[in-house]
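The file query.tsv contains TSV, N, CA, C and O atoms:
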```tsv
chain	number	residue	atom	x	y	z
A	1	MET	N	-5.97	-0.45	-0.48
A	1	MET	CA	-5.55	0.77	0.20
A	1	MET	C	-6.44	1.01	1.42
A	1	MET	O	-7.62	0.72	1.39
A	2	LYS	N	-5.84	1.57	2.44
A	2	LYS	CA	-6.60	1.91	3.64
A	2	LYS	C	-7.45	3.14	3.37
A	2	LYS	O	-7.09	4.00	2.58
A	3	LYS	N	-8.57	3.22	4.06
A	3	LYS	CA	-9.41	4.41	4.01
A	3	LYS	C	-9.34	5.08	5.38
A	3	LYS	O	-9.13	4.41	6.38
A	4	TYR	N	-9.50	6.38	5.41
A	4	TYR	CA	-9.38	7.15	6.64
A	4	TYR	C	-10.66	7.93	6.88
A	4	TYR	O	-11.20	8.52	5.96
A	5	VAL	N	-11.14	7.89	8.13
A	5	VAL	CA	-12.41	8.53	8.47
A	5	VAL	C	-12.16	9.64	9.48
A	5	VAL	O	-11.51	9.43	10.51
A	6	CYS	N	-12.68	10.83	9.20
A	6	CYS	CA	-12.61	11.96	10.13
A	6	CYS	C	-13.56	11.64	11.28
A	6	CYS	O	-14.77	11.51	11.08
A	7	ASP	N	-13.01	11.51	12.47
A	7	ASP	CA	-13.81	11.11	13.62
A	7	ASP	C	-14.95	12.10	13.92
A	7	ASP	O	-16.07	11.68	14.16
A	8	PRO	N	-14.71	13.41	13.89
A	8	PRO	CA	-15.80	14.34	14.23
A	8	PRO	C	-16.99	14.33	13.27
A	8	PRO	O	-18.13	14.41	13.69
A	9	CYS	N	-16.73	14.21	11.95
A	9	CYS	CA	-17.83	14.38	11.00
A	9	CYS	C	-18.14	13.14	10.16
A	9	CYS	O	-19.17	13.08	9.50
A	10	GLY	N	-17.24	12.17	10.13
A	10	GLY	CA	-17.49	10.95	9.38
A	10	GLY	C	-17.02	10.97	7.93
A	10	GLY	O	-17.20	9.99	7.21
A	11	TYR	N	-16.38	12.05	7.47
A	11	TYR	CA	-15.86	12.08	6.10
A	11	TYR	C	-14.85	10.95	5.92
A	11	TYR	O	-14.02	10.69	6.78
A	12	GLU	N	-14.94	10.26	4.80
A	12	GLU	CA	-14.02	9.17	4.51
A	12	GLU	C	-13.07	9.57	3.40
A	12	GLU	O	-13.51	9.88	2.29
A	13	TYR	N	-11.77	9.58	3.71
A	13	TYR	CA	-10.76	9.84	2.69
A	13	TYR	C	-10.32	8.50	2.12
A	13	TYR	O	-9.81	7.64	2.84
A	14	ASP	N	-10.52	8.34	0.83
A	14	ASP	CA	-10.13	7.12	0.13
A	14	ASP	C	-8.98	7.48	-0.80
A	14	ASP	O	-9.18	8.22	-1.78
A	15	PRO	N	-7.77	7.00	-0.51
A	15	PRO	CA	-6.63	7.34	-1.36
A	15	PRO	C	-6.83	6.98	-2.83
A	15	PRO	O	-6.29	7.65	-3.71
A	16	ALA	N	-7.61	5.96	-3.12
A	16	ALA	CA	-7.86	5.57	-4.50
A	16	ALA	C	-8.63	6.65	-5.25
A	16	ALA	O	-8.51	6.79	-6.47
A	17	VAL	N	-9.41	7.45	-4.53
A	17	VAL	CA	-10.21	8.52	-5.12
A	17	VAL	C	-9.53	9.87	-4.96
A	17	VAL	O	-9.62	10.74	-5.83
A	18	GLY	N	-8.83	10.06	-3.84
A	18	GLY	CA	-8.22	11.36	-3.54
A	18	GLY	C	-9.29	12.34	-3.08
A	18	GLY	O	-10.34	11.96	-2.57
A	19	ASP	N	-9.01	13.62	-3.27
A	19	ASP	CA	-9.95	14.70	-2.92
A	19	ASP	C	-9.91	15.69	-4.08
A	19	ASP	O	-9.36	16.78	-3.97
A	20	PRO	N	-10.47	15.30	-5.24
A	20	PRO	CA	-10.34	16.12	-6.45
A	20	PRO	C	-10.90	17.53	-6.32
A	20	PRO	O	-10.39	18.45	-6.96
A	21	ASP	N	-11.91	17.71	-5.49
A	21	ASP	CA	-12.47	19.06	-5.31
A	21	ASP	C	-11.48	20.00	-4.64
A	21	ASP	O	-11.63	21.22	-4.70
A	22	ASN	N	-10.46	19.43	-3.99
A	22	ASN	CA	-9.46	20.23	-3.29
A	22	ASN	C	-8.06	20.00	-3.84
A	22	ASN	O	-7.06	20.23	-3.14
A	23	GLY	N	-7.97	19.52	-5.07
A	23	GLY	CA	-6.69	19.40	-5.75
A	23	GLY	C	-5.85	18.20	-5.35
A	23	GLY	O	-4.65	18.16	-5.65
A	24	ILE	N	-6.45	17.21	-4.70
A	24	ILE	CA	-5.71	16.01	-4.31
A	24	ILE	C	-6.03	14.90	-5.31
A	24	ILE	O	-7.17	14.45	-5.42
A	25	ALA	N	-5.00	14.49	-6.05
A	25	ALA	CA	-5.19	13.50	-7.11
A	25	ALA	C	-5.49	12.12	-6.57
A	25	ALA	O	-5.06	11.76	-5.46
A	26	ALA	N	-6.21	11.34	-7.35
A	26	ALA	CA	-6.43	9.92	-7.03
A	26	ALA	C	-5.09	9.25	-6.88
A	26	ALA	O	-4.14	9.55	-7.61
A	27	GLY	N	-4.98	8.36	-5.90
A	27	GLY	CA	-3.74	7.65	-5.65
A	27	GLY	C	-2.85	8.32	-4.61
A	27	GLY	O	-1.78	7.79	-4.30
A	28	THR	N	-3.28	9.45	-4.07
A	28	THR	CA	-2.49	10.16	-3.06
A	28	THR	C	-2.70	9.50	-1.70
A	28	THR	O	-3.82	9.49	-1.18
A	29	ALA	N	-1.63	8.96	-1.13
A	29	ALA	CA	-1.71	8.32	0.18
A	29	ALA	C	-2.01	9.37	1.25
A	29	ALA	O	-1.64	10.55	1.11
A	30	PHE	N	-2.68	8.95	2.31
A	30	PHE	CA	-3.00	9.87	3.41
A	30	PHE	C	-1.73	10.53	3.95
A	30	PHE	O	-1.71	11.73	4.22
A	31	GLU	N	-0.67	9.75	4.05
A	31	GLU	CA	0.60	10.25	4.58
A	31	GLU	C	1.22	11.31	3.67
A	31	GLU	O	2.07	12.09	4.10
A	32	ASP	N	0.81	11.35	2.40
A	32	ASP	CA	1.36	12.29	1.43
A	32	ASP	C	0.50	13.53	1.22
A	32	ASP	O	0.82	14.36	0.37
A	33	LEU	N	-0.60	13.64	1.98
A	33	LEU	CA	-1.43	14.85	1.85
A	33	LEU	C	-0.62	16.06	2.27
A	33	LEU	O	0.21	15.97	3.18
A	34	PRO	N	-0.84	17.21	1.64
A	34	PRO	CA	-0.11	18.42	2.04
A	34	PRO	C	-0.43	18.80	3.49
A	34	PRO	O	-1.52	18.50	4.00
A	35	ALA	N	0.51	19.44	4.15
A	35	ALA	CA	0.34	19.82	5.55
A	35	ALA	C	-0.86	20.72	5.77
A	35	ALA	O	-1.44	20.73	6.85
A	36	ASP	N	-1.27	21.46	4.74
A	36	ASP	CA	-2.40	22.39	4.90
A	36	ASP	C	-3.75	21.78	4.48
A	36	ASP	O	-4.77	22.47	4.47
A	37	TRP	N	-3.76	20.47	4.18
A	37	TRP	CA	-5.02	19.82	3.81
A	37	TRP	C	-5.94	19.78	5.02
A	37	TRP	O	-5.51	19.54	6.15
A	38	VAL	N	-7.22	20.05	4.78
A	38	VAL	CA	-8.22	19.99	5.84
A	38	VAL	C	-9.35	19.07	5.40
A	38	VAL	O	-9.55	18.83	4.21
A	39	CYS	N	-10.11	18.58	6.36
A	39	CYS	CA	-11.27	17.77	6.04
A	39	CYS	C	-12.24	18.62	5.22
A	39	CYS	O	-12.59	19.72	5.63
A	40	PRO	N	-12.65	18.15	4.05
A	40	PRO	CA	-13.52	18.95	3.20
A	40	PRO	C	-14.94	19.14	3.75
A	40	PRO	O	-15.65	20.03	3.30
A	41	LEU	N	-15.34	18.34	4.72
A	41	LEU	CA	-16.68	18.50	5.29
A	41	LEU	C	-16.70	19.44	6.49
A	41	LEU	O	-17.54	20.32	6.59
A	42	CYS	N	-15.78	19.23	7.43
A	42	CYS	CA	-15.83	20.02	8.67
A	42	CYS	C	-14.69	21.02	8.80
A	42	CYS	O	-14.69	21.84	9.70
A	43	GLY	N	-13.70	20.95	7.90
A	43	GLY	CA	-12.61	21.92	7.91
A	43	GLY	C	-11.59	21.74	9.01
A	43	GLY	O	-10.73	22.59	9.20
A	44	ARG	N	-11.63	20.62	9.69
A	44	ARG	CA	-10.68	20.40	10.78
A	44	ARG	C	-9.29	20.18	10.22
A	44	ARG	O	-9.08	19.36	9.35
A	45	ARG	N	-8.34	20.91	10.76
A	45	ARG	CA	-6.95	20.74	10.36
A	45	ARG	C	-6.27	19.72	11.27
A	45	ARG	O	-5.30	19.13	10.89
A	46	GLN	N	-6.78	19.58	12.44
A	46	GLN	CA	-6.15	18.70	13.40
A	46	GLN	C	-7.25	17.96	14.14
A	46	GLN	O	-8.25	18.53	14.53
A	47	GLY	N	-7.10	16.70	14.30
A	47	GLY	CA	-8.12	15.92	14.99
A	47	GLY	C	-7.89	14.45	14.77
A	47	GLY	O	-6.93	14.05	14.13
A	48	ARG	N	-8.76	13.65	15.25
A	48	ARG	CA	-8.59	12.21	15.12
A	48	ARG	C	-9.19	11.70	13.81
A	48	ARG	O	-10.26	12.11	13.41
A	49	VAL	N	-8.46	10.82	13.21
A	49	VAL	CA	-8.89	10.15	12.00
A	49	VAL	C	-8.66	8.67	12.23
A	49	VAL	O	-7.64	8.28	12.79
A	50	LEU	N	-9.59	7.85	11.85
A	50	LEU	CA	-9.41	6.41	11.98
A	50	LEU	C	-8.97	5.83	10.65
A	50	LEU	O	-9.55	6.13	9.62
A	51	SER	N	-7.97	5.00	10.70
A	51	SER	CA	-7.49	4.30	9.52
A	51	SER	C	-8.18	2.96	9.46
A	51	SER	O	-8.12	2.20	10.41
A	52	ARG	N	-8.86	2.69	8.37
A	52	ARG	CA	-9.55	1.41	8.23
A	52	ARG	C	-8.98	0.65	7.06
A	52	ARG	O	-8.95	1.15	5.95
A	53	GLY	N	-8.54	-0.56	7.31
A	53	GLY	CA	-8.05	-1.41	6.24
A	53	GLY	C	-9.21	-2.09	5.53
A	53	GLY	O	-10.37	-1.88	5.88
A	54	LEU	N	-8.90	-2.90	4.60
A	54	LEU	CA	-9.93	-3.59	3.83
A	54	LEU	C	-10.76	-4.53	4.70
A	54	LEU	O	-11.90	-4.81	4.38
A	55	THR	N	-10.20	-4.99	5.82
A	55	THR	CA	-10.93	-5.90	6.69
A	55	THR	C	-11.78	-5.14	7.71
A	55	THR	O	-12.47	-5.75	8.50
A	56	GLY	N	-11.71	-3.82	7.72
A	56	GLY	CA	-12.51	-3.04	8.66
A	56	GLY	C	-11.82	-2.77	9.97
A	56	GLY	O	-12.35	-2.09	10.82
A	57	GLY	N	-10.60	-3.29	10.16
A	57	GLY	CA	-9.85	-3.01	11.38
A	57	GLY	C	-9.48	-1.54	11.43
A	57	GLY	O	-9.29	-0.90	10.42
A	58	ALA	N	-9.40	-0.97	12.62
A	58	ALA	CA	-9.11	0.46	12.74
A	58	ALA	C	-7.91	0.68	13.64
A	58	ALA	O	-7.66	-0.07	14.55
A	59	ARG	N	-7.17	1.73	13.34
A	59	ARG	CA	-6.11	2.20	14.22
A	59	ARG	C	-6.14	3.72	14.17
A	59	ARG	O	-6.57	4.31	13.18
A	60	SER	N	-5.68	4.35	15.21
A	60	SER	CA	-5.72	5.81	15.26
A	60	SER	C	-4.61	6.42	14.44
A	60	SER	O	-3.52	5.87	14.33
A	61	ALA	N	-4.89	7.58	13.88
A	61	ALA	CA	-3.90	8.39	13.18
A	61	ALA	C	-4.25	9.83	13.44
A	61	ALA	O	-5.40	10.15	13.75
A	62	GLU	N	-3.31	10.70	13.34
A	62	GLU	CA	-3.58	12.12	13.57
A	62	GLU	C	-3.49	12.88	12.25
A	62	GLU	O	-2.60	12.63	11.44
A	63	ILE	N	-4.40	13.83	12.06
A	63	ILE	CA	-4.28	14.76	10.94
A	63	ILE	C	-3.20	15.74	11.33
A	63	ILE	O	-3.20	16.25	12.43
A	64	ARG	N	-2.30	16.02	10.42
A	64	ARG	CA	-1.26	16.99	10.70
A	64	ARG	C	-1.86	18.38	10.71
A	64	ARG	O	-2.72	18.70	9.91
A	65	ALA	N	-1.36	19.23	11.60
A	65	ALA	CA	-1.84	20.63	11.68
A	65	ALA	C	-1.22	21.45	10.58
A	65	ALA	O	-0.17	21.16	10.08
```

Please re-express this file's structure in structure tokens.
Amino acid sequence: MKKYVCDPCGYEYDPAVGDPDNGIAAGTAFEDLPADWVCPLCGRRQGRVLSRGLTGGARSAEIRA
């Protein structure tokens, strides 16, 4: 599974882990996060997130507002 990094603060969202402190179950794909999900470290609702595959390659993705 790809991991996603919040560009401003460096938080890494790992779909295999989810975000249990905020009600996001393990196995939840980044694309399936609720529209009101925010970065748990910096609280950004909208901003740049980098998608990193297992090989470390990155591509841009946007957090939905």

Quick one: everything within 8 Å of Tyr11 of chain A, counting only C-alpha atoms, minus sequence neighbours fewer than 6 positions away in the same chain. Send it as a short mmCIF file (atom, residue, chain, number, x, y, z; two decimals) with N, CA, C and O atoms, in the coordinates of the input.
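This went into result.cif:
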```cif
data_model
loop_
_atom_site.label_atom_id
_atom_site.label_comp_id
_atom_site.auth_asym_id
_atom_site.auth_seq_id
_atom_site.Cartn_x
_atom_site.Cartn_y
_atom_site.Cartn_z
N VAL A 5 -11.14 7.89 8.13
CA VAL A 5 -12.41 8.53 8.47
C VAL A 5 -12.16 9.64 9.48
O VAL A 5 -11.51 9.43 10.51
N CYS A 39 -10.11 18.58 6.36
CA CYS A 39 -11.27 17.77 6.04
C CYS A 39 -12.24 18.62 5.22
O CYS A 39 -12.59 19.72 5.63
N PRO A 40 -12.65 18.15 4.05
CA PRO A 40 -13.52 18.95 3.20
C PRO A 40 -14.94 19.14 3.75
O PRO A 40 -15.65 20.03 3.30
N LEU A 41 -15.34 18.34 4.72
CA LEU A 41 -16.68 18.50 5.29
C LEU A 41 -16.70 19.44 6.49
O LEU A 41 -17.54 20.32 6.59
#
```

Counting only C-alpha atoms, which residues sit no farther than 7 Å from the position (-5.4, 11.6, 4.3) in the file's frame? I'd like them as an mmCIF file with N, CA, C and O atoms, in the frame of the given file.
```cif
data_model
loop_
_atom_site.group_PDB
_atom_site.id
_atom_site.type_symbol
_atom_site.label_atom_id
_atom_site.label_comp_id
_atom_site.auth_asym_id
_atom_site.auth_seq_id
_atom_site.Cartn_x
_atom_site.Cartn_y
_atom_site.Cartn_z
ATOM 1 N N TYR A 4 -9.500 6.380 5.410
ATOM 2 C CA TYR A 4 -9.380 7.150 6.640
ATOM 3 C C TYR A 4 -10.660 7.930 6.880
ATOM 4 O O TYR A 4 -11.200 8.520 5.960
ATOM 5 N N TYR A 13 -11.770 9.580 3.710
ATOM 6 C CA TYR A 13 -10.760 9.840 2.690
ATOM 7 C C TYR A 13 -10.320 8.500 2.120
ATOM 8 O O TYR A 13 -9.810 7.640 2.840
ATOM 9 N N ALA A 29 -1.630 8.960 -1.130
ATOM 10 C CA ALA A 29 -1.710 8.320 0.180
ATOM 11 C C ALA A 29 -2.010 9.370 1.250
ATOM 12 O O ALA A 29 -1.640 10.550 1.110
ATOM 13 N N PHE A 30 -2.680 8.950 2.310
ATOM 14 C CA PHE A 30 -3.000 9.870 3.410
ATOM 15 C C PHE A 30 -1.730 10.530 3.950
ATOM 16 O O PHE A 30 -1.710 11.730 4.220
ATOM 17 N N GLU A 31 -0.670 9.750 4.050
ATOM 18 C CA GLU A 31 0.600 10.250 4.580
ATOM 19 C C GLU A 31 1.220 11.310 3.670
ATOM 20 O O GLU A 31 2.070 12.090 4.100
ATOM 21 N N LEU A 33 -0.600 13.640 1.980
ATOM 22 C CA LEU A 33 -1.430 14.850 1.850
ATOM 23 C C LEU A 33 -0.620 16.060 2.270
ATOM 24 O O LEU A 33 0.210 15.970 3.180
#
```

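Put simply, atom CA of Ala26 of chain A is 18.4 Å away from atom CA of Cys6 of chain A.
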
Set up a box along x, y and z of the file covering all listed atoms of segment 2-12 of chain A, add 5 Å on every one of the six sides, and write the centre and edge lengths in Å to one decimal, as lines of an AutoDock Vina configuration file.
```
center_x = -12.5
center_y = 8.0
center_z = 8.3
size_x = 23.3
size_y = 22.8
size_z = 21.9
```

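When atom CA of Ala16 of chain A is paired with atom CA of Thr28 of chain A, their separation reads 7.2 Å.
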
Exercise for review: For atom CA of Met1 of chain A and atom CA of Arg44 of chain A, quote the distance in Å rounded to one decimal.
Suggested key: 22.9 Å
